[in-house]
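Raw contents of protein_5.cif, mmCIF, C-alpha atoms:
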```cif
data_target
#
loop_
_atom_site.group_PDB
_atom_site.id
_atom_site.type_symbol
_atom_site.label_atom_id
_atom_site.label_comp_id
_atom_site.auth_asym_id
_atom_site.auth_seq_id
_atom_site.Cartn_x
_atom_site.Cartn_y
_atom_site.Cartn_z
ATOM 1 C CA MET A 1 -9.441 27.845 6.138
ATOM 2 C CA ARG A 2 -10.450 24.689 4.314
ATOM 3 C CA PRO A 3 -13.289 22.646 5.789
ATOM 4 C CA VAL A 4 -11.989 19.655 7.708
ATOM 5 C CA PHE A 5 -13.715 16.440 6.775
ATOM 6 C CA ALA A 6 -14.582 14.832 10.080
ATOM 7 C CA TYR A 7 -14.136 11.100 10.497
ATOM 8 C CA SER A 8 -17.493 9.396 10.406
ATOM 9 C CA GLY A 9 -18.846 5.962 9.671
ATOM 10 C CA LEU A 10 -21.320 7.501 7.238
ATOM 11 C CA PHE A 11 -18.558 9.022 5.118
ATOM 12 C CA PHE A 12 -16.619 5.812 4.791
ATOM 13 C CA ALA A 13 -19.799 3.819 4.139
ATOM 14 C CA LEU A 14 -20.688 6.181 1.288
ATOM 15 C CA LEU A 15 -17.114 6.078 0.032
ATOM 16 C CA GLY A 16 -17.197 2.299 -0.037
ATOM 17 C CA ALA A 17 -20.565 2.188 -1.789
ATOM 18 C CA SER A 18 -19.316 4.534 -4.516
ATOM 19 C CA ALA A 19 -16.192 2.461 -5.060
ATOM 20 C CA LEU A 20 -18.219 -0.729 -5.164
ATOM 21 C CA HIS A 21 -20.406 0.617 -7.950
ATOM 22 C CA GLY A 22 -17.468 2.002 -9.949
ATOM 23 C CA GLN A 23 -18.428 5.638 -9.438
ATOM 24 C CA SER A 24 -15.787 8.337 -9.373
ATOM 25 C CA VAL A 25 -15.056 9.416 -5.811
ATOM 26 C CA PRO A 26 -13.738 12.953 -5.330
ATOM 27 C CA PRO A 27 -10.685 13.567 -3.127
ATOM 28 C CA ARG A 28 -11.557 13.812 0.559
ATOM 29 C CA GLU A 29 -9.770 16.068 2.992
ATOM 30 C CA VAL A 30 -9.320 13.968 6.131
ATOM 31 C CA ALA A 31 -7.344 16.728 7.886
ATOM 32 C CA PRO A 32 -6.431 20.259 6.787
ATOM 33 C CA GLY A 33 -4.168 19.860 3.761
ATOM 34 C CA VAL A 34 -4.315 16.044 3.771
ATOM 35 C CA TRP A 35 -6.330 14.428 0.987
ATOM 36 C CA PHE A 36 -7.218 10.786 0.384
ATOM 37 C CA LEU A 37 -7.783 9.783 -3.252
ATOM 38 C CA LEU A 38 -9.452 6.418 -3.738
ATOM 39 C CA GLY A 39 -7.990 4.422 -6.637
ATOM 40 C CA ASP A 40 -10.191 2.705 -9.213
ATOM 41 C CA ALA A 41 -9.724 -0.990 -8.462
ATOM 42 C CA SER A 42 -11.123 -1.980 -11.859
ATOM 43 C CA LYS A 43 -8.086 -0.290 -13.444
ATOM 44 C CA GLY A 44 -5.618 -1.777 -10.970
ATOM 45 C CA TYR A 45 -4.919 1.562 -9.290
ATOM 46 C CA SER A 46 -3.831 1.948 -5.697
ATOM 47 C CA ASN A 47 -5.029 4.703 -3.411
ATOM 48 C CA THR A 48 -3.090 7.947 -3.109
ATOM 49 C CA THR A 49 -2.611 10.390 -0.263
ATOM 50 C CA VAL A 50 -1.584 14.000 -0.854
ATOM 51 C CA ILE A 51 0.006 15.977 1.985
ATOM 52 C CA GLU A 52 0.508 19.732 1.947
ATOM 53 C CA ILE A 53 3.569 20.962 3.817
ATOM 54 C CA GLY A 54 5.054 24.443 3.635
ATOM 55 C CA ASP A 55 5.275 25.538 0.023
ATOM 56 C CA TYR A 56 4.983 22.077 -1.582
ATOM 57 C CA LEU A 57 3.061 18.801 -1.704
ATOM 58 C CA ILE A 58 4.013 15.207 -0.907
ATOM 59 C CA VAL A 59 2.289 12.422 -2.827
ATOM 60 C CA VAL A 60 2.155 8.974 -1.242
ATOM 61 C CA ASP A 61 2.460 6.337 -3.994
ATOM 62 C CA ALA A 62 3.329 7.064 -7.617
ATOM 63 C CA ASN A 63 0.646 4.633 -8.846
ATOM 64 C CA TYR A 64 0.453 3.479 -12.482
ATOM 65 C CA PRO A 65 1.327 6.036 -15.177
ATOM 66 C CA ALA A 66 -2.265 6.745 -16.243
ATOM 67 C CA ARG A 67 -3.356 7.331 -12.654
ATOM 68 C CA ALA A 68 -0.335 9.554 -12.022
ATOM 69 C CA ARG A 69 -1.533 11.816 -14.837
ATOM 70 C CA GLU A 70 -5.066 11.808 -13.447
ATOM 71 C CA ILE A 71 -3.797 12.778 -10.017
ATOM 72 C CA MET A 72 -1.791 15.653 -11.450
ATOM 73 C CA ALA A 73 -4.977 17.026 -12.980
ATOM 74 C CA GLU A 74 -6.899 16.566 -9.723
ATOM 75 C CA LEU A 75 -4.215 18.341 -7.722
ATOM 76 C CA LYS A 76 -4.891 21.575 -9.597
ATOM 77 C CA GLN A 77 -8.252 21.664 -7.832
ATOM 78 C CA LEU A 78 -6.733 20.990 -4.410
ATOM 79 C CA SER A 79 -3.685 23.226 -4.105
ATOM 80 C CA PRO A 80 -1.587 25.595 -6.212
ATOM 81 C CA LYS A 81 1.582 24.194 -4.645
ATOM 82 C CA PRO A 82 3.929 21.940 -6.634
ATOM 83 C CA VAL A 83 4.618 18.291 -5.866
ATOM 84 C CA ARG A 84 8.141 18.057 -4.492
ATOM 85 C CA PHE A 85 8.247 14.463 -3.270
ATOM 86 C CA VAL A 86 6.506 11.267 -4.365
ATOM 87 C CA PHE A 87 6.929 8.405 -1.893
ATOM 88 C CA ASP A 88 6.875 4.801 -3.120
ATOM 89 C CA THR A 89 5.571 2.761 -0.196
ATOM 90 C CA HIS A 90 6.960 -0.356 -1.910
ATOM 91 C CA ALA A 91 8.150 -1.676 -5.254
ATOM 92 C CA HIS A 92 4.934 -3.098 -6.712
ATOM 93 C CA GLY A 93 3.829 -1.600 -10.015
ATOM 94 C CA ASP A 94 0.576 -0.063 -8.841
ATOM 95 C CA HIS A 95 2.608 1.957 -6.345
ATOM 96 C CA SER A 96 5.742 2.784 -8.344
ATOM 97 C CA TYR A 97 5.349 2.407 -12.117
ATOM 98 C CA GLY A 98 4.324 6.052 -12.445
ATOM 99 C CA ASN A 99 7.686 7.245 -11.080
ATOM 100 C CA SER A 100 8.985 8.663 -14.357
ATOM 101 C CA VAL A 101 5.735 10.561 -14.941
ATOM 102 C CA TRP A 102 6.247 12.405 -11.665
ATOM 103 C CA THR A 103 9.964 13.089 -12.123
ATOM 104 C CA ALA A 104 9.331 14.435 -15.633
ATOM 105 C CA ALA A 105 6.998 16.941 -13.957
ATOM 106 C CA GLY A 106 9.735 18.037 -11.553
ATOM 107 C CA ALA A 107 9.110 15.887 -8.452
ATOM 108 C CA THR A 108 11.684 13.791 -6.599
ATOM 109 C CA THR A 109 10.784 10.165 -5.939
ATOM 110 C CA LEU A 110 11.524 8.859 -2.453
ATOM 111 C CA ALA A 111 11.571 5.400 -0.830
ATOM 112 C CA TYR A 112 13.085 3.248 1.867
ATOM 113 C CA ASP A 113 16.367 2.000 0.412
ATOM 114 C CA LYS A 114 15.394 -1.675 0.240
ATOM 115 C CA VAL A 115 12.810 -0.743 -2.394
ATOM 116 C CA LEU A 116 15.782 -0.488 -4.747
ATOM 117 C CA GLU A 117 16.814 -4.040 -3.853
ATOM 118 C CA GLU A 118 13.293 -5.290 -4.547
ATOM 119 C CA MET A 119 13.225 -3.551 -7.906
ATOM 120 C CA ASP A 120 16.633 -4.935 -8.822
ATOM 121 C CA ARG A 121 15.452 -8.393 -7.825
ATOM 122 C CA TYR A 122 12.226 -8.493 -9.852
ATOM 123 C CA GLU A 123 12.661 -5.974 -12.632
ATOM 124 C CA PRO A 124 12.460 -5.699 -15.559
ATOM 125 C CA VAL A 125 10.511 -8.990 -15.623
ATOM 126 C CA ARG A 126 7.459 -7.603 -13.812
ATOM 127 C CA TRP A 127 7.598 -4.354 -15.775
ATOM 128 C CA GLN A 128 7.623 -6.244 -19.058
ATOM 129 C CA ALA A 129 4.734 -8.442 -17.924
ATOM 130 C CA ALA A 130 2.735 -5.337 -17.010
ATOM 131 C CA ALA A 131 3.526 -3.763 -20.381
ATOM 132 C CA THR A 132 1.857 -6.673 -22.159
ATOM 133 C CA LYS A 133 -1.371 -5.868 -20.317
ATOM 134 C CA ARG A 134 -1.269 -2.096 -19.752
ATOM 135 C CA GLU A 135 -1.167 0.599 -22.398
ATOM 136 C CA ASP A 136 -0.091 3.220 -19.871
ATOM 137 C CA VAL A 137 3.083 1.234 -19.089
ATOM 138 C CA ARG A 138 3.791 0.580 -22.783
ATOM 139 C CA SER A 139 3.270 4.262 -23.595
ATOM 140 C CA LEU A 140 6.314 5.262 -21.557
ATOM 141 C CA HIS A 141 8.634 3.364 -23.935
ATOM 142 C CA GLU A 142 10.888 2.517 -21.014
ATOM 143 C CA ASP A 143 12.694 -0.764 -20.381
ATOM 144 C CA THR A 144 12.001 -0.897 -16.662
ATOM 145 C CA VAL A 145 10.615 1.068 -13.747
ATOM 146 C CA GLN A 146 12.495 4.239 -12.885
ATOM 147 C CA ARG A 147 14.175 3.784 -9.502
ATOM 148 C CA PRO A 148 13.460 6.202 -6.638
ATOM 149 C CA GLN A 149 15.845 9.146 -6.760
ATOM 150 C CA LYS A 150 16.201 9.620 -3.010
ATOM 151 C CA THR A 151 16.254 6.895 -0.333
ATOM 152 C CA PHE A 152 16.616 6.600 3.431
ATOM 153 C CA ASN A 153 17.818 3.717 5.606
ATOM 154 C CA LYS A 154 16.986 4.924 9.114
ATOM 155 C CA SER A 155 13.525 5.448 10.576
ATOM 156 C CA PRO A 156 12.041 7.894 10.817
ATOM 157 C CA PHE A 157 13.070 10.017 7.884
ATOM 158 C CA VAL A 158 11.472 13.359 8.669
ATOM 159 C CA LEU A 159 10.252 16.260 6.564
ATOM 160 C CA LYS A 160 8.865 19.165 8.544
ATOM 161 C CA ASP A 161 8.403 22.892 8.759
ATOM 162 C CA ALA A 162 6.403 25.274 10.932
ATOM 163 C CA THR A 163 3.122 23.892 9.578
ATOM 164 C CA ARG A 164 3.526 20.127 9.612
ATOM 165 C CA GLU A 165 5.743 17.117 10.362
ATOM 166 C CA VAL A 166 5.759 14.102 8.055
ATOM 167 C CA ASP A 167 7.556 10.964 9.270
ATOM 168 C CA PHE A 168 8.533 8.094 6.948
ATOM 169 C CA TYR A 169 9.034 4.701 8.578
ATOM 170 C CA PHE A 170 10.187 1.200 7.792
ATOM 171 C CA LEU A 171 8.691 -1.114 10.429
ATOM 172 C CA GLY A 172 9.844 -4.495 9.154
ATOM 173 C CA TRP A 173 9.166 -7.099 6.486
ATOM 174 C CA GLY A 174 5.424 -7.492 6.076
ATOM 175 C CA HIS A 175 3.747 -7.259 2.663
ATOM 176 C CA THR A 176 7.226 -6.845 1.129
ATOM 177 C CA PRO A 177 10.750 -6.590 2.575
ATOM 178 C CA ALA A 178 10.658 -2.812 2.083
ATOM 179 C CA ASP A 179 7.236 -1.537 3.193
ATOM 180 C CA GLY A 180 7.153 2.169 3.969
ATOM 181 C CA TYR A 181 4.636 3.896 6.227
ATOM 182 C CA VAL A 182 3.879 7.617 6.474
ATOM 183 C CA TRP A 183 2.869 9.078 9.827
ATOM 184 C CA LEU A 184 1.535 12.556 10.564
ATOM 185 C CA PRO A 185 1.937 12.857 14.363
ATOM 186 C CA LYS A 186 -0.086 16.025 14.864
ATOM 187 C CA GLU A 187 -3.045 14.876 12.762
ATOM 188 C CA ARG A 188 -2.649 11.184 13.772
ATOM 189 C CA VAL A 189 -2.916 10.054 10.169
ATOM 190 C CA LEU A 190 -1.155 6.838 9.076
ATOM 191 C CA CYS A 191 -0.636 5.909 5.412
ATOM 192 C CA THR A 192 0.064 2.187 5.177
ATOM 193 C CA GLY A 193 0.593 1.357 1.509
ATOM 194 C CA ASP A 194 -0.223 -2.347 1.259
ATOM 195 C CA GLY A 195 1.093 -3.038 4.741
ATOM 196 C CA ALA A 196 -2.587 -2.862 5.655
ATOM 197 C CA VAL A 197 -5.423 -2.898 3.148
ATOM 198 C CA ASN A 198 -9.140 -2.617 3.738
ATOM 199 C CA GLY A 199 -10.784 -5.643 2.188
ATOM 200 C CA ALA A 200 -9.818 -8.841 0.392
ATOM 201 C CA ARG A 201 -6.922 -7.218 -1.434
ATOM 202 C CA ASN A 202 -3.944 -9.012 0.090
ATOM 203 C CA LYS A 203 -1.001 -10.200 -1.986
ATOM 204 C CA LEU A 204 1.189 -12.585 -0.010
ATOM 205 C CA TRP A 205 3.849 -13.877 -2.382
ATOM 206 C CA ASP A 206 6.462 -11.226 -1.531
ATOM 207 C CA ALA A 207 5.546 -11.293 2.146
ATOM 208 C CA ASN A 208 6.929 -12.497 5.424
ATOM 209 C CA ILE A 209 3.581 -13.793 6.637
ATOM 210 C CA ALA A 210 4.781 -14.797 10.102
ATOM 211 C CA ASN A 211 6.391 -11.404 10.723
ATOM 212 C CA TRP A 212 3.704 -9.244 9.140
ATOM 213 C CA PRO A 213 1.421 -9.210 12.231
ATOM 214 C CA LYS A 214 4.377 -8.005 14.309
ATOM 215 C CA VAL A 215 4.863 -5.117 11.898
ATOM 216 C CA LEU A 216 1.192 -4.217 12.158
ATOM 217 C CA GLU A 217 1.433 -4.322 15.939
ATOM 218 C CA LYS A 218 4.151 -1.684 15.707
ATOM 219 C CA ALA A 219 1.895 0.387 13.463
ATOM 220 C CA MET A 220 -0.939 0.075 15.978
ATOM 221 C CA HIS A 221 1.295 1.678 18.616
ATOM 222 C CA PHE A 222 0.945 4.967 16.724
ATOM 223 C CA GLU A 223 -2.719 4.921 17.799
ATOM 224 C CA PRO A 224 -3.853 6.555 14.552
ATOM 225 C CA LEU A 225 -7.153 8.332 14.238
ATOM 226 C CA PHE A 226 -7.152 7.860 10.460
ATOM 227 C CA VAL A 227 -5.709 4.914 8.543
ATOM 228 C CA LEU A 228 -5.312 5.489 4.798
ATOM 229 C CA PRO A 229 -4.639 2.090 3.179
ATOM 230 C CA GLY A 230 -3.117 1.292 -0.178
ATOM 231 C CA HIS A 231 -6.349 -0.362 -1.306
ATOM 232 C CA GLY A 232 -9.911 -0.146 -0.051
ATOM 233 C CA GLU A 233 -11.711 2.556 1.824
ATOM 234 C CA ALA A 234 -10.078 4.692 4.496
ATOM 235 C CA GLY A 235 -10.979 4.176 8.116
ATOM 236 C CA GLY A 236 -9.463 3.956 11.556
ATOM 237 C CA ALA A 237 -7.220 1.617 13.529
ATOM 238 C CA GLU A 238 -9.635 -1.257 12.901
ATOM 239 C CA ILE A 239 -7.980 -1.644 9.486
ATOM 240 C CA LEU A 240 -4.671 -2.436 11.198
ATOM 241 C CA SER A 241 -6.153 -4.804 13.761
ATOM 242 C CA GLY A 242 -8.358 -6.521 11.186
ATOM 243 C CA GLN A 243 -5.518 -7.064 8.735
ATOM 244 C CA ARG A 244 -3.342 -8.378 11.561
ATOM 245 C CA GLN A 245 -5.988 -10.796 12.840
ATOM 246 C CA PHE A 246 -6.636 -12.188 9.368
ATOM 247 C CA LEU A 247 -2.925 -12.958 8.919
ATOM 248 C CA LEU A 248 -2.674 -14.553 12.358
ATOM 249 C CA ASP A 249 -5.720 -16.721 11.741
ATOM 250 C CA LEU A 250 -4.570 -17.708 8.251
ATOM 251 C CA TYR A 251 -1.092 -18.679 9.422
ATOM 252 C CA SER A 252 -2.405 -20.590 12.437
ATOM 253 C CA ALA A 253 -4.953 -22.534 10.398
ATOM 254 C CA VAL A 254 -2.441 -23.587 7.768
ATOM 255 C CA GLN A 255 0.260 -24.351 10.330
ATOM 256 C CA GLU A 256 -2.059 -26.652 12.259
ATOM 257 C CA GLN A 257 -2.732 -28.746 9.168
ATOM 258 C CA VAL A 258 0.946 -28.835 8.247
ATOM 259 C CA LYS A 259 1.615 -30.243 11.721
ATOM 260 C CA GLN A 260 -0.943 -32.931 10.944
ATOM 261 C CA GLY A 261 1.182 -33.949 7.966
ATOM 262 C CA LYS A 262 -1.175 -32.688 5.281
ATOM 263 C CA THR A 263 0.122 -31.725 1.869
ATOM 264 C CA LEU A 264 -0.872 -28.493 0.165
ATOM 265 C CA ALA A 265 -3.471 -30.341 -1.903
ATOM 266 C CA GLU A 266 -5.025 -31.757 1.274
ATOM 267 C CA ILE A 267 -5.290 -28.473 3.177
ATOM 268 C CA SER A 268 -8.741 -26.992 3.603
ATOM 269 C CA ILE A 269 -9.304 -24.202 6.099
ATOM 270 C CA GLN A 270 -12.252 -22.240 7.443
ATOM 271 C CA LEU A 271 -11.384 -18.839 8.868
ATOM 272 C CA PRO A 272 -13.422 -17.143 11.609
ATOM 273 C CA GLU A 273 -16.246 -14.745 10.825
ATOM 274 C CA ARG A 274 -14.129 -11.892 12.239
ATOM 275 C CA ASP A 275 -11.896 -12.169 9.151
ATOM 276 C CA ARG A 276 -14.705 -11.848 6.595
ATOM 277 C CA ASN A 277 -13.611 -8.407 5.342
ATOM 278 C CA TRP A 278 -10.181 -9.751 4.356
ATOM 279 C CA ILE A 279 -11.110 -13.204 3.000
ATOM 280 C CA PRO A 280 -11.014 -13.374 -0.824
ATOM 281 C CA LYS A 281 -13.448 -15.468 -2.841
ATOM 282 C CA ASP A 282 -10.542 -17.732 -3.737
ATOM 283 C CA LEU A 283 -8.358 -18.292 -0.691
ATOM 284 C CA SER A 284 -6.130 -20.835 -2.421
ATOM 285 C CA TRP A 285 -3.324 -18.397 -3.317
ATOM 286 C CA ASP A 286 -3.110 -17.179 0.269
ATOM 287 C CA VAL A 287 -3.068 -20.759 1.541
ATOM 288 C CA GLU A 288 -0.399 -21.721 -0.990
ATOM 289 C CA ALA A 289 1.865 -18.812 -0.016
ATOM 290 C CA THR A 290 1.419 -19.553 3.689
ATOM 291 C CA TYR A 291 2.026 -23.271 3.212
ATOM 292 C CA SER A 292 5.172 -22.547 1.193
ATOM 293 C CA GLU A 293 6.498 -20.271 3.926
ATOM 294 C CA ILE A 294 5.866 -22.825 6.678
ATOM 295 C CA ALA A 295 7.135 -25.820 4.725
ATOM 296 C CA GLY A 296 10.111 -23.916 3.319
ATOM 297 C CA HIS A 297 11.141 -22.441 6.682
ATOM 298 C CA LYS A 298 11.635 -19.071 5.005
ATOM 299 C CA PRO A 299 9.431 -16.060 4.307
ATOM 300 C CA ALA A 300 7.256 -16.631 1.258
ATOM 301 C CA GLY A 301 8.980 -13.701 -0.407
ATOM 302 C CA ALA A 302 12.398 -15.317 0.061
ATOM 303 C CA LEU A 303 11.350 -18.459 -1.803
ATOM 304 C CA PRO A 304 11.365 -18.848 -5.577
ATOM 305 C CA HIS A 305 7.931 -17.762 -6.750
ATOM 306 C CA GLN A 306 5.922 -16.128 -9.474
ATOM 307 C CA TRP A 307 3.919 -13.010 -8.763
ATOM 308 C CA LYS A 308 0.220 -13.860 -8.550
#
```

Turn this file's structure into structure tokens for me.
Amino acid sequence: MRPVFAYSGLFFALLGASALHGQSVPPREVAPGVWFLLGDASKGYSNTTVIEIGDYLIVVDANYPARAREIMAELKQLSPKPVRFVFDTHAHGDHSYGNSVWTAAGATTLAYDKVLEEMDRYEPVRWQAAATKREDVRSLHEDTVQRPQKTFNKSPFVLKDATREVDFYFLGWGHTPADGYVWLPKERVLCTGDGAVNGARNKLWDANIANWPKVLEKAMHFEPLFVLPGHGEAGGAEILSGQRQFLLDLYSAVQEQVKQGKTLAEISIQLPERDRNWIPKDLSWDVEATYSEIAGHKPAGALPHQWK
């Protein structure tokens, strides 16, 4: 039997310190046959979770092409089983642009069906923009992101056998209109994609900022022991509650100044100390997205916008 890596503050503190200093962090087994792979933020990578079930593996988030290839190499050290499914938690490039790398290796890409709508809405513009900056995207010689091959429209979509159950959920419009979550009920492990991140790694321009805390409240009802976010170190349910509180405080602070008749240029907010883990050095983009949502009476992601 593989050693089970017990949840401990020391582990996640060491994990965070390694990531902060740009050191390579080996995969960590948070439950038997469930590995968390921390992405290199300096390269734009998201995190990845690998789940062993029956005679195959499930990979959560396709990542960028270069990281997809790295993960394939790492998997040889984790399990001899093949990757059958790769789940795109949402349409953003750091979670989906490696799709064709995985399907070329024999896997089937999977997503909530509205991911297709998001890709059709924003691609190939975002793909082409990424290609100007990223060699790994250019190297594919493809015109746009490869769409997920299999989708579901009812939650949960379940994969299970005698060894494990893996539940795929859509809980509502939060970070994007199509955020997918992965829940392992026996192990109490929740993979959140960017629905909840650990640290100042929020991107709000495709979001429904007012609704996002409600989505996270639903996620909190799972009462997870482990939360494996799309970015930042793994942890527990405090990632969900912290992300939720930051969004509530941000929205409330901006809304109060909008009620006072202030324009975007006049808004200046100070968020509580409890939000410090999620507050970026430059809060202006978050304030702008929130202001646009409130003033436009629509989710930020439903308004005309450029990805920032």

Could you make a table, as JSON lines, of the residues of range 98-159 of chain A that have an atom within 12 Å of an atom of range 203-212 of chain A, each with its nearest atom pair and distance in Å to one decimal, counting all atoms listed in the file, in chain and number order?
```
{"residue": "A:Glu118", "atom": "CA", "partner": "A:Asp206", "partner_atom": "CA", "distance": 9.5}
{"residue": "A:Arg121", "atom": "CA", "partner": "A:Asp206", "partner_atom": "CA", "distance": 11.3}
{"residue": "A:Tyr122", "atom": "CA", "partner": "A:Asp206", "partner_atom": "CA", "distance": 10.5}
```

- Message: Taking all atoms listed in the file into account, name the residue in A:Leu140, A:Val227, A:Tyr169, A:Phe157 that is nearest to Glu187 in chain A.
- Response: A:Val227

- For Leu264 in chain A: contacts at 10 Å, only C-alpha atoms, fewer than 4 positions along chain excluded, given as a PyMOL selection string: chain A and resi 254+257-258+268+284+287-288+290-292+295

- Quick one, how far is CA of Thr132 in chain A from CA of Asp94 in chain A?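 Here the two named atoms are 14.9 Å from each other.
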
- Item | Å distance separating CA of Ala265 in chain A from CA of Val125 in chain A, one decimal place | 29.0 Å

- Task: Find the residues around Asp61 in chain A up to 7 Å (all atoms listed in the file counted), leave out those fewer than 5 positions away in its own chain, and share them as a ChimeraX atom specification.
- Result: /A:48,86-89,95-96

- Query: When the PyMOL selection byres ((chain A and resi 111) around 12) is applied to the file above, which residues end up in the set, as a count of residues only?
  - Reply: 45

- Pick the closest to Leu248 in chain A from A:His221, A:Lys262, A:His175, A:Lys214: which is it, counting all atoms listed in the file? A:Lys214

Taking 5 positions as the minimum chain separation for residues in the same chain, which residues sit within 7 Å of Gly232 in chain A when counting all atoms listed in the file? Answer as an mmCIF file with C-alpha atoms, in the coordinates of the input.
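Below is the file around_20.cif, written as the result:
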```cif
data_model
loop_
_atom_site.group_PDB
_atom_site.id
_atom_site.type_symbol
_atom_site.label_atom_id
_atom_site.label_comp_id
_atom_site.auth_asym_id
_atom_site.auth_seq_id
_atom_site.Cartn_x
_atom_site.Cartn_y
_atom_site.Cartn_z
ATOM 1 C CA VAL A 197 -5.423 -2.898 3.148
ATOM 2 C CA ASN A 198 -9.140 -2.617 3.738
ATOM 3 C CA GLY A 199 -10.784 -5.643 2.188
#
```
